[in-house]
file final-v4.pdb (PDB, C-alpha atoms)
MODEL        1
ATOM      1  CA  MET A   1     106.392  70.160 112.189
ATOM      2  CA  GLY A   2     108.328  70.008 108.939
ATOM      3  CA  ILE A   3     109.004  73.698 108.372
ATOM      4  CA  ASP A   4     110.531  75.245 111.443
ATOM      5  CA  PHE A   5     111.930  78.678 112.257
ATOM      6  CA  LYS A   6     113.748  78.022 115.527
ATOM      7  CA  GLY A   7     116.535  80.554 115.957
ATOM      8  CA  ARG A   8     115.221  82.611 113.035
ATOM      9  CA  VAL A   9     114.175  86.259 113.238
ATOM     10  CA  ALA A  10     111.421  87.637 110.999
ATOM     11  CA  ILE A  11     110.155  91.151 110.293
ATOM     12  CA  VAL A  12     106.588  91.440 109.010
ATOM     13  CA  THR A  13     105.364  94.891 107.927
ATOM     14  CA  GLY A  14     101.707  95.854 108.128
ATOM     15  CA  ALA A  15     101.267  93.050 110.648
ATOM     16  CA  GLY A  16      98.681  94.708 112.892
ATOM     17  CA  GLY A  17      95.770  93.049 111.097
ATOM     18  CA  GLY A  18      94.635  91.108 108.049
ATOM     19  CA  LEU A  19      97.243  89.156 106.114
ATOM     20  CA  GLY A  20     100.252  90.562 107.967
ATOM     21  CA  LYS A  21      98.842  89.510 111.319
ATOM     22  CA  GLN A  22      98.276  85.955 110.054
ATOM     23  CA  HIS A  23     101.822  85.905 108.639
ATOM     24  CA  ALA A  24     103.257  87.015 111.990
ATOM     25  CA  LEU A  25     101.192  84.513 113.991
ATOM     26  CA  LEU A  26     102.122  81.622 111.710
ATOM     27  CA  LEU A  27     105.854  82.458 111.767
ATOM     28  CA  ALA A  28     105.757  82.769 115.560
ATOM     29  CA  SER A  29     103.872  79.479 115.946
ATOM     30  CA  ARG A  30     106.687  77.794 114.005
ATOM     31  CA  GLY A  31     109.351  79.202 116.341
ATOM     32  CA  ALA A  32     110.359  82.484 114.678
ATOM     33  CA  LYS A  33     111.057  85.582 116.740
ATOM     34  CA  VAL A  34     108.929  88.252 115.097
ATOM     35  CA  VAL A  35     109.082  92.013 114.725
ATOM     36  CA  VAL A  36     105.432  92.979 114.316
ATOM     37  CA  ASN A  37     105.512  96.254 112.393
ATOM     38  CA  ASP A  38     102.408  98.346 111.891
ATOM     39  CA  LEU A  39     101.883 102.077 111.582
ATOM     40  CA  GLY A  40      98.337 101.552 112.811
ATOM     41  CA  GLY A  41      96.721 103.757 110.179
ATOM     42  CA  ASP A  42      93.546 103.095 108.224
ATOM     43  CA  VAL A  43      93.458 101.372 104.816
ATOM     44  CA  HIS A  44      94.035 104.756 103.142
ATOM     45  CA  GLY A  45      97.228 105.308 105.117
ATOM     46  CA  VAL A  46      95.722 107.906 107.448
ATOM     47  CA  GLY A  47      96.425 108.089 111.181
ATOM     48  CA  GLY A  48      98.669 105.912 113.292
ATOM     49  CA  SER A  49      98.687 104.026 116.588
ATOM     50  CA  ALA A  50     100.972 101.328 117.955
ATOM     51  CA  SER A  51      98.095  99.429 119.562
ATOM     52  CA  ALA A  52      97.355  97.164 116.563
ATOM     53  CA  ALA A  53     100.931  95.841 116.476
ATOM     54  CA  GLN A  54     101.066  95.520 120.285
ATOM     55  CA  LYS A  55      97.885  93.402 120.325
ATOM     56  CA  VAL A  56      99.468  90.946 117.895
ATOM     57  CA  VAL A  57     102.654  90.852 120.005
ATOM     58  CA  ASP A  58     100.549  90.141 123.110
ATOM     59  CA  GLU A  59      98.803  87.309 121.263
ATOM     60  CA  ILE A  60     102.145  85.795 120.208
ATOM     61  CA  ARG A  61     103.573  86.074 123.717
ATOM     62  CA  ALA A  62     100.432  84.580 125.268
ATOM     63  CA  ALA A  63     100.971  81.545 123.025
ATOM     64  CA  GLY A  64     104.568  81.224 124.275
ATOM     65  CA  GLY A  65     106.278  82.942 121.356
ATOM     66  CA  GLU A  66     108.697  85.861 121.156
ATOM     67  CA  ALA A  67     107.779  89.142 119.488
ATOM     68  CA  ILE A  68     108.302  92.893 119.650
ATOM     69  CA  ALA A  69     106.137  95.686 118.272
ATOM     70  CA  ASN A  70     107.318  98.457 115.973
ATOM     71  CA  GLY A  71     105.350 101.447 114.713
ATOM     72  CA  ALA A  72     107.587 102.685 111.886
ATOM     73  CA  SER A  73     106.050 103.894 108.658
ATOM     74  CA  VAL A  74     107.719 101.983 105.829
ATOM     75  CA  THR A  75     107.863 105.274 103.895
ATOM     76  CA  ASP A  76     110.372 106.624 106.447
ATOM     77  CA  PHE A  77     113.792 105.065 105.750
ATOM     78  CA  GLU A  78     115.305 106.337 109.002
ATOM     79  CA  ALA A  79     112.490 104.779 111.046
ATOM     80  CA  VAL A  80     112.852 101.537 109.063
ATOM     81  CA  GLN A  81     116.601 101.441 109.794
ATOM     82  CA  LYS A  82     115.810 101.887 113.502
ATOM     83  CA  MET A  83     113.314  99.025 113.297
ATOM     84  CA  VAL A  84     115.951  96.726 111.797
ATOM     85  CA  GLN A  85     118.442  97.894 114.451
ATOM     86  CA  GLN A  86     115.825  97.081 117.099
ATOM     87  CA  ALA A  87     115.662  93.511 115.752
ATOM     88  CA  MET A  88     119.478  93.287 115.732
ATOM     89  CA  ASP A  89     119.772  94.685 119.280
ATOM     90  CA  THR A  90     117.117  92.270 120.551
ATOM     91  CA  TRP A  91     118.014  89.073 118.671
ATOM     92  CA  GLY A  92     121.246  89.686 116.757
ATOM     93  CA  ARG A  93     120.057  88.716 113.264
ATOM     94  CA  VAL A  94     117.323  89.086 110.648
ATOM     95  CA  ASP A  95     116.513  86.036 108.536
ATOM     96  CA  VAL A  96     113.126  86.817 107.042
ATOM     97  CA  LEU A  97     111.508  89.998 105.756
ATOM     98  CA  VAL A  98     107.866  89.937 104.703
ATOM     99  CA  ASN A  99     107.005  93.177 102.887
ATOM    100  CA  ASN A 100     103.266  93.241 103.453
ATOM    101  CA  ALA A 101     102.434  96.854 104.360
ATOM    102  CA  GLY A 102     100.145  98.588 101.893
ATOM    103  CA  ILE A 103      97.325 101.051 101.416
ATOM    104  CA  LEU A 104      94.575 101.659  98.888
ATOM    105  CA  ARG A 105      93.470 104.887  97.219
ATOM    106  CA  ASP A 106      91.089 103.438  94.616
ATOM    107  CA  LYS A 107      89.578 105.660  91.914
ATOM    108  CA  SER A 108      89.360 105.519  88.145
ATOM    109  CA  PHE A 109      92.501 107.031  86.609
ATOM    110  CA  ALA A 110      90.493 110.009  85.272
ATOM    111  CA  LYS A 111      89.428 110.940  88.811
ATOM    112  CA  MET A 112      92.625 109.954  90.652
ATOM    113  CA  THR A 113      94.840 112.723  92.026
ATOM    114  CA  LEU A 114      98.599 112.546  91.551
ATOM    115  CA  ASP A 115      98.962 112.602  95.334
ATOM    116  CA  ASP A 116      96.863 109.428  95.558
ATOM    117  CA  PHE A 117      99.059 107.840  92.906
ATOM    118  CA  LYS A 118     102.336 108.879  94.543
ATOM    119  CA  LEU A 119     101.380 107.831  98.056
ATOM    120  CA  VAL A 120     100.350 104.326  96.955
ATOM    121  CA  MET A 121     103.642 103.971  95.042
ATOM    122  CA  ASP A 122     105.534 105.300  98.054
ATOM    123  CA  VAL A 123     104.015 102.883 100.577
ATOM    124  CA  HIS A 124     104.110  99.731  98.444
ATOM    125  CA  VAL A 125     107.223 100.218  96.332
ATOM    126  CA  MET A 126     109.508 102.513  98.327
ATOM    127  CA  GLY A 127     108.236 100.896 101.541
ATOM    128  CA  ALA A 128     109.448  97.502 100.328
ATOM    129  CA  VAL A 129     112.680  99.080  99.011
ATOM    130  CA  HIS A 130     113.386 100.760 102.370
ATOM    131  CA  CYS A 131     112.856  97.574 104.376
ATOM    132  CA  THR A 132     114.804  95.439 101.911
ATOM    133  CA  LYS A 133     117.667  97.956 101.729
ATOM    134  CA  ALA A 134     117.888  98.004 105.541
ATOM    135  CA  VAL A 135     118.114  94.200 105.887
ATOM    136  CA  TRP A 136     120.152  93.470 102.743
ATOM    137  CA  PRO A 137     123.673  94.047 104.198
ATOM    138  CA  ILE A 138     122.744  91.961 107.250
ATOM    139  CA  MET A 139     121.525  89.109 105.070
ATOM    140  CA  GLN A 140     124.618  89.381 102.859
ATOM    141  CA  ALA A 141     126.884  89.151 105.919
ATOM    142  CA  GLN A 142     124.930  86.141 107.248
ATOM    143  CA  ASN A 143     124.905  84.497 103.832
ATOM    144  CA  TYR A 144     121.226  83.882 104.448
ATOM    145  CA  GLY A 145     117.994  85.713 103.843
ATOM    146  CA  ARG A 146     114.409  85.194 102.762
ATOM    147  CA  ILE A 147     112.447  88.151 101.386
ATOM    148  CA  VAL A 148     108.779  88.017 100.442
ATOM    149  CA  MET A 149     107.276  90.846  98.380
ATOM    150  CA  THR A 150     103.505  91.188  98.225
ATOM    151  CA  THR A 151     102.317  91.609  94.647
ATOM    152  CA  SER A 152      98.715  91.331  93.446
ATOM    153  CA  SER A 153      96.578  90.098  90.586
ATOM    154  CA  SER A 154      95.593  93.780  90.264
ATOM    155  CA  GLY A 155      99.155  94.427  89.146
ATOM    156  CA  LEU A 156      99.768  91.213  87.244
ATOM    157  CA  TYR A 157      96.458  91.345  85.376
ATOM    158  CA  GLY A 158      94.845  94.753  86.057
ATOM    159  CA  ASN A 159      91.771  95.846  87.980
ATOM    160  CA  PHE A 160      89.411  98.760  87.376
ATOM    161  CA  GLY A 161      90.065 101.697  89.713
ATOM    162  CA  GLN A 162      93.500 100.491  90.765
ATOM    163  CA  ALA A 163      95.978 102.080  88.344
ATOM    164  CA  ASN A 164      98.134 103.254  91.273
ATOM    165  CA  TYR A 165      97.931 100.005  93.241
ATOM    166  CA  GLY A 166      98.416  97.871  90.110
ATOM    167  CA  ALA A 167     101.473  99.864  89.002
ATOM    168  CA  ALA A 168     102.973  99.514  92.489
ATOM    169  CA  LYS A 169     102.286  95.783  92.691
ATOM    170  CA  MET A 170     103.810  95.085  89.261
ATOM    171  CA  ALA A 171     106.831  97.174  90.272
ATOM    172  CA  LEU A 172     107.400  94.780  93.180
ATOM    173  CA  ALA A 173     107.447  91.825  90.786
ATOM    174  CA  GLY A 174     110.157  93.628  88.797
ATOM    175  CA  LEU A 175     112.110  94.392  91.972
ATOM    176  CA  MET A 176     111.920  90.709  92.926
ATOM    177  CA  GLN A 177     113.260  89.588  89.524
ATOM    178  CA  THR A 178     116.498  91.544  89.908
ATOM    179  CA  LEU A 179     117.002  91.083  93.662
ATOM    180  CA  SER A 180     116.634  87.314  93.288
ATOM    181  CA  ILE A 181     119.498  87.380  90.755
ATOM    182  CA  GLU A 182     121.706  89.641  92.902
ATOM    183  CA  GLY A 183     120.926  87.837  96.156
ATOM    184  CA  GLU A 184     121.584  84.305  94.969
ATOM    185  CA  LYS A 185     125.324  84.195  95.713
ATOM    186  CA  TYR A 186     124.641  85.405  99.278
ATOM    187  CA  GLY A 187     122.015  82.769  99.993
ATOM    188  CA  ILE A 188     119.277  85.391  99.791
ATOM    189  CA  ARG A 189     116.089  84.208  98.091
ATOM    190  CA  VAL A 190     113.440  86.668  96.973
ATOM    191  CA  ASN A 191     109.894  85.770  95.973
ATOM    192  CA  CYS A 192     106.460  87.340  95.529
ATOM    193  CA  LEU A 193     103.127  86.476  97.089
ATOM    194  CA  ALA A 194      99.922  87.368  95.208
ATOM    195  CA  PRO A 195      97.148  86.935  97.790
ATOM    196  CA  THR A 196      93.395  86.807  97.433
ATOM    197  CA  ALA A 197      92.023  87.460 100.910
ATOM    198  CA  ALA A 198      89.225  89.221 102.704
ATOM    199  CA  THR A 199      90.839  91.929 104.851
ATOM    200  CA  ARG A 200      90.078  95.579 105.613
ATOM    201  CA  MET A 201      91.286  96.293 102.087
ATOM    202  CA  THR A 202      88.545  94.246 100.407
ATOM    203  CA  GLU A 203      85.623  95.012 102.753
ATOM    204  CA  GLY A 204      82.332  95.612 100.966
ATOM    205  CA  LEU A 205      83.647  94.358  97.632
ATOM    206  CA  MET A 206      82.303  90.779  97.710
ATOM    207  CA  PRO A 207      79.384  88.756  99.085
ATOM    208  CA  GLN A 208      79.805  87.269 102.571
ATOM    209  CA  ALA A 209      80.077  83.607 101.455
ATOM    210  CA  VAL A 210      82.995  84.560  99.201
ATOM    211  CA  LEU A 211      84.603  86.620 101.971
ATOM    212  CA  ASP A 212      84.367  83.621 104.312
ATOM    213  CA  ALA A 213      86.226  81.393 101.829
ATOM    214  CA  LEU A 214      88.906  84.040 101.417
ATOM    215  CA  GLU A 215      90.102  84.067 105.022
ATOM    216  CA  PRO A 216      93.592  85.587 105.258
ATOM    217  CA  GLN A 217      95.005  82.567 107.125
ATOM    218  CA  ALA A 218      94.469  80.508 103.949
ATOM    219  CA  VAL A 219      97.162  82.620 102.225
ATOM    220  CA  SER A 220      99.882  82.481 104.890
ATOM    221  CA  PRO A 221     101.120  78.932 104.110
ATOM    222  CA  ALA A 222     102.464  80.267 100.790
ATOM    223  CA  MET A 223     104.328  82.988 102.690
ATOM    224  CA  LEU A 224     105.727  80.374 105.093
ATOM    225  CA  VAL A 225     107.126  78.309 102.214
ATOM    226  CA  MET A 226     108.780  81.397 100.683
ATOM    227  CA  ALA A 227     110.217  82.341 104.092
ATOM    228  CA  SER A 228     111.561  78.843 104.785
ATOM    229  CA  GLU A 229     115.042  77.411 104.269
ATOM    230  CA  ASP A 230     113.753  75.366 101.322
ATOM    231  CA  ALA A 231     112.164  78.426  99.682
ATOM    232  CA  PRO A 232     112.146  78.748  95.911
ATOM    233  CA  ASN A 233     113.818  81.792  94.337
ATOM    234  CA  ARG A 234     112.184  84.179  91.831
ATOM    235  CA  THR A 235     108.709  82.724  92.095
ATOM    236  CA  ILE A 236     105.331  84.457  92.123
ATOM    237  CA  ILE A 237     103.025  82.260  94.194
ATOM    238  CA  CYS A 238      99.335  83.121  94.029
ATOM    239  CA  ALA A 239      97.223  82.010  96.987
ATOM    240  CA  GLY A 240      93.620  82.243  98.094
ATOM    241  CA  ALA A 241      90.828  80.143  99.629
ATOM    242  CA  GLY A 242      93.218  77.213 100.102
ATOM    243  CA  SER A 243      94.402  77.108  96.472
ATOM    244  CA  PHE A 244      97.885  77.872  95.185
ATOM    245  CA  GLU A 245      99.119  78.789  91.698
ATOM    246  CA  VAL A 246     102.234  80.277  90.121
ATOM    247  CA  ALA A 247     102.250  83.288  87.790
ATOM    248  CA  HIS A 248     104.890  83.658  85.064
ATOM    249  CA  ILE A 249     106.018  86.537  82.893
ATOM    250  CA  THR A 250     106.585  84.784  79.596
ATOM    251  CA  LEU A 251     108.084  85.473  76.178
ATOM    252  CA  THR A 252     106.636  84.028  72.973
ATOM    253  CA  GLN A 253     108.882  82.656  70.227
ATOM    254  CA  GLY A 254     107.761  85.500  67.962
ATOM    255  CA  ILE A 255     108.907  86.038  64.380
ATOM    256  CA  HIS A 256     111.741  87.829  62.586
ATOM    257  CA  LEU A 257     110.606  90.578  60.190
ATOM    258  CA  GLY A 258     113.854  92.434  59.532
ATOM    259  CA  THR A 259     114.140  96.197  59.149
ATOM    260  CA  GLY A 260     112.430  97.180  55.874
ATOM    261  CA  ALA A 261     110.158 100.213  55.427
ATOM    262  CA  ASP A 262     107.085  97.957  55.380
ATOM    263  CA  VAL A 263     107.818  96.258  58.725
ATOM    264  CA  PRO A 264     105.119  98.213  60.639
ATOM    265  CA  GLU A 265     102.447  96.981  58.209
ATOM    266  CA  ARG A 266     103.826  93.430  58.207
ATOM    267  CA  LEU A 267     103.965  93.416  62.016
ATOM    268  CA  LEU A 268     100.351  94.583  62.237
ATOM    269  CA  ASP A 269      99.295  91.791  59.861
ATOM    270  CA  ALA A 270     101.364  89.220  61.770
ATOM    271  CA  LEU A 271     100.332  90.126  65.343
ATOM    272  CA  ALA A 272      98.405  86.883  65.796
ATOM    273  CA  GLN A 273     101.556  84.931  64.922
ATOM    274  CA  VAL A 274     103.731  87.103  67.202
ATOM    275  CA  ARG A 275     101.270  86.451  70.025
ATOM    276  CA  GLU A 276     101.163  82.690  69.411
ATOM    277  CA  ARG A 277     101.946  81.053  72.762
ATOM    278  CA  THR A 278     103.152  77.651  71.577
ATOM    279  CA  GLY A 279     106.751  77.276  72.689
ATOM    280  CA  GLU A 280     106.713  80.382  74.871
ATOM    281  CA  MET A 281     109.371  80.548  77.581
ATOM    282  CA  VAL A 282     110.001  82.006  81.036
ATOM    283  CA  PRO A 283     113.246  84.000  80.691
ATOM    284  CA  MET A 284     115.607  83.683  83.653
ATOM    285  CA  ALA A 285     117.038  87.167  82.975
ATOM    286  CA  GLY A 286     116.183  90.155  80.798
ATOM    287  CA  SER A 287     119.083  89.402  78.461
ATOM    288  CA  GLU A 288     117.234  86.328  77.172
ATOM    289  CA  GLN A 289     114.969  88.587  75.092
ATOM    290  CA  GLY A 290     118.016  89.898  73.238
ATOM    291  CA  THR A 291     119.472  86.408  72.875
ATOM    292  CA  LEU A 292     116.250  85.190  71.269
ATOM    293  CA  GLU A 293     116.037  88.207  68.930
ATOM    294  CA  VAL A 294     119.679  88.118  67.805
ATOM    295  CA  GLY A 295     119.390  84.365  67.273
ATOM    296  CA  LYS A 296     116.402  84.835  64.980
ATOM    297  CA  ALA A 297     118.184  87.619  63.070
ATOM    298  CA  MET A 298     121.299  85.443  62.554
ATOM    299  CA  LYS A 299     119.183  82.570  61.342
ATOM    300  CA  ALA A 300     117.294  84.885  58.935
ATOM    301  CA  HIS A 301     120.622  86.022  57.506
ATOM    302  CA  GLY A 302     121.836  82.458  57.116
ATOM    303  CA  HIS A 303     124.443  82.452  59.935
TER     304      HIS A 303
ENDMDL
END
call {"tool": "encode", "arguments": {"input": "final-v4.pdb", "output": "structure tokens"}}
result
Amino acid sequence: MGIDFKGRVAIVTGAGGGLGKQHALLLASRGAKVVVNDLGGDVHGVGGSASAAQKVVDEIRAAGGEAIANGASVTDFEAVQKMVQQAMDTWGRVDVLVNNAGILRDKSFAKMTLDDFKLVMDVHVMGAVHCTKAVWPIMQAQNYGRIVMTTSSSGLYGNFGQANYGAAKMALAGLMQTLSIEGEKYGIRVNCLAPTAATRMTEGLMPQAVLDALEPQAVSPAMLVMASEDAPNRTIICAGAGSFEVAHITLTQGIHLGTGADVPERLLDALAQVRERTGEMVPMAGSEQGTLEVGKAMKAHGH
């Protein structure tokens, strides 16, 4: 067993089924003490029952592991703070947070209500913010933390009928970028997982043979790496059907056009050149865009 979580405490949200359940089981099997959080609602975020989380806890305990169930909704910051306190009271630390809880309210943007947009943003984005905010001071004090955000190809690359979900998932990638910078000096590493898996959220969307290949347990190894001591920082790992990739948000070299009145027309004509990907880079902070642009301007003016 190379990667081991003995003495570590992990919180996994939305862990009553699907991906979250597999995450919780894998962490527990490697020695982590796990808070299994699940509101117990349906995929649309309706209803609630602690039984889903309790079943996973029972499964972990039956296998000789340690776990407790928690039924907090990630949208409720007070309940989330109590959940983190429950982990502290039981085990005295929190090392790993896997922000996995999510819901779907799929519709084309034309037909989508604002309530369906807001709720999806609230669960995915504010849910992850609430949980992260609640564990952050603990991780700072410990000088150790591993946080996994769950993003999605629907956010990174778009998907019909998922404007709300895609916006939320891309927001989590942005949250990860900044938190990974701020957390570094405290030994806190923050990464994103972009899973492809057959769970309640994808039911009826693909043929059975494809669903079988996309078992959720095939994704969890990527989570385990991001939750481990040797985790990367600021990485978007994509995982599905036993394959693993990394997604990057890149910046092309672009061109300098100056500030003349005809720049809009020249930019339109030069778009292919601006888009040219040869020599593109992965900025390590937002300021690198400005550095690149000012550098090109200086060079254009002969400095």
call {"tool": "residues_around", "arguments": {"input": "final-v4.pdb", "residues": "region 216-221 of chain A", "least_positions_apart": "2", "cutoff": "10 Å", "atoms": "all atoms listed in the file", "output": "JSON, numbers by chain"}}
result
{"A": [17, 18, 19, 20, 21, 22, 23, 24, 25, 26, 27, 193, 194, 195, 196, 197, 198, 199, 211, 212, 213, 214, 223, 224, 225, 226, 227, 237, 238, 239, 240, 241, 242, 243, 244]}
call {"tool": "closest_residue", "arguments": {"input": "final-v4.pdb", "among": "A:Asn233, A:Gln54, A:Ser152, A:Asn37", "to": "Leu97 (chain A)", "atoms": "all atoms listed in the file"}}
result
A:Asn37
call {"tool": "residues_around", "arguments": {"input": "final-v4.pdb", "residues": "region 129-143 of chain A", "least_positions_apart": "2", "cutoff": "9 Å", "atoms": "only C-alpha atoms", "output": "PyMOL selection string"}}
result
chain A and resi 13+74-78+80-81+84-85+93-97+99+124-127+145-147+172+175+183+185-188
call {"tool": "residues_around", "arguments": {"input": "final-v4.pdb", "residues": "Phe109 (chain A)", "least_positions_apart": "3", "cutoff": "12 Å", "atoms": "only C-alpha atoms", "output": "list of chain:residue names"}}
result
A:Arg105, A:Asp106, A:Met112, A:Thr113, A:Leu114, A:Asp116, A:Phe117, A:Asn159, A:Phe160, A:Gly161, A:Gln162, A:Ala163, A:Asn164, A:Tyr165, A:Gly166, A:Ala167
call {"tool": "atom_distance", "arguments": {"input": "final-v4.pdb", "atom1": "CA of Val35 (chain A)", "atom2": "CA of Tyr144 (chain A)"}}
result
17.9 Å
call {"tool": "atom_distance", "arguments": {"input": "final-v4.pdb", "atom1": "CA of Lys111 (chain A)", "atom2": "CA of Gly47 (chain A)"}}
result
23.6 Å
call {"tool": "atom_distance", "arguments": {"input": "final-v4.pdb", "atom1": "CA of Gln177 (chain A)", "atom2": "CA of Val120 (chain A)"}}
result
21.0 Å
call {"tool": "residues_around", "arguments": {"input": "final-v4.pdb", "residues": "Val57 (chain A)", "least_positions_apart": "4", "cutoff": "12 Å", "atoms": "all atoms listed in the file", "output": "list in words"}}
result
Val12, Ala15, Gly16, Gly17, Lys21, Gln22, Ala24, Leu25, Ala28, Lys33, Val34, Val35, Val36, Asn37, Asp38, Ala50, Ser51, Ala52, Ala53, Arg61, Ala62, Ala63, Gly64, Gly65, Glu66, Ala67, Ile68, Ala69 and Asn70 of chain A
call {"tool": "residues_near_point", "arguments": {"input": "final-v4.pdb", "point": "(107.9, 82.4, 94.9)", "cutoff": "8 Å", "atoms": "only C-alpha atoms", "output": "mmCIF file with C-alpha atoms, keeping the file's coordinate frame"}}
result
data_model
loop_
_atom_site.group_PDB
_atom_site.id
_atom_site.type_symbol
_atom_site.label_atom_id
_atom_site.label_comp_id
_atom_site.auth_asym_id
_atom_site.auth_seq_id
_atom_site.Cartn_x
_atom_site.Cartn_y
_atom_site.Cartn_z
ATOM 1 C CA VAL A 148 108.779 88.017 100.442
ATOM 2 C CA VAL A 190 113.440 86.668 96.973
ATOM 3 C CA ASN A 191 109.894 85.770 95.973
ATOM 4 C CA CYS A 192 106.460 87.340 95.529
ATOM 5 C CA LEU A 193 103.127 86.476 97.089
ATOM 6 C CA MET A 226 108.780 81.397 100.683
ATOM 7 C CA ALA A 231 112.164 78.426 99.682
ATOM 8 C CA PRO A 232 112.146 78.748 95.911
ATOM 9 C CA ASN A 233 113.818 81.792 94.337
ATOM 10 C CA ARG A 234 112.184 84.179 91.831
ATOM 11 C CA THR A 235 108.709 82.724 92.095
ATOM 12 C CA ILE A 236 105.331 84.457 92.123
ATOM 13 C CA ILE A 237 103.025 82.260 94.194
ATOM 14 C CA VAL A 246 102.234 80.277 90.121
#
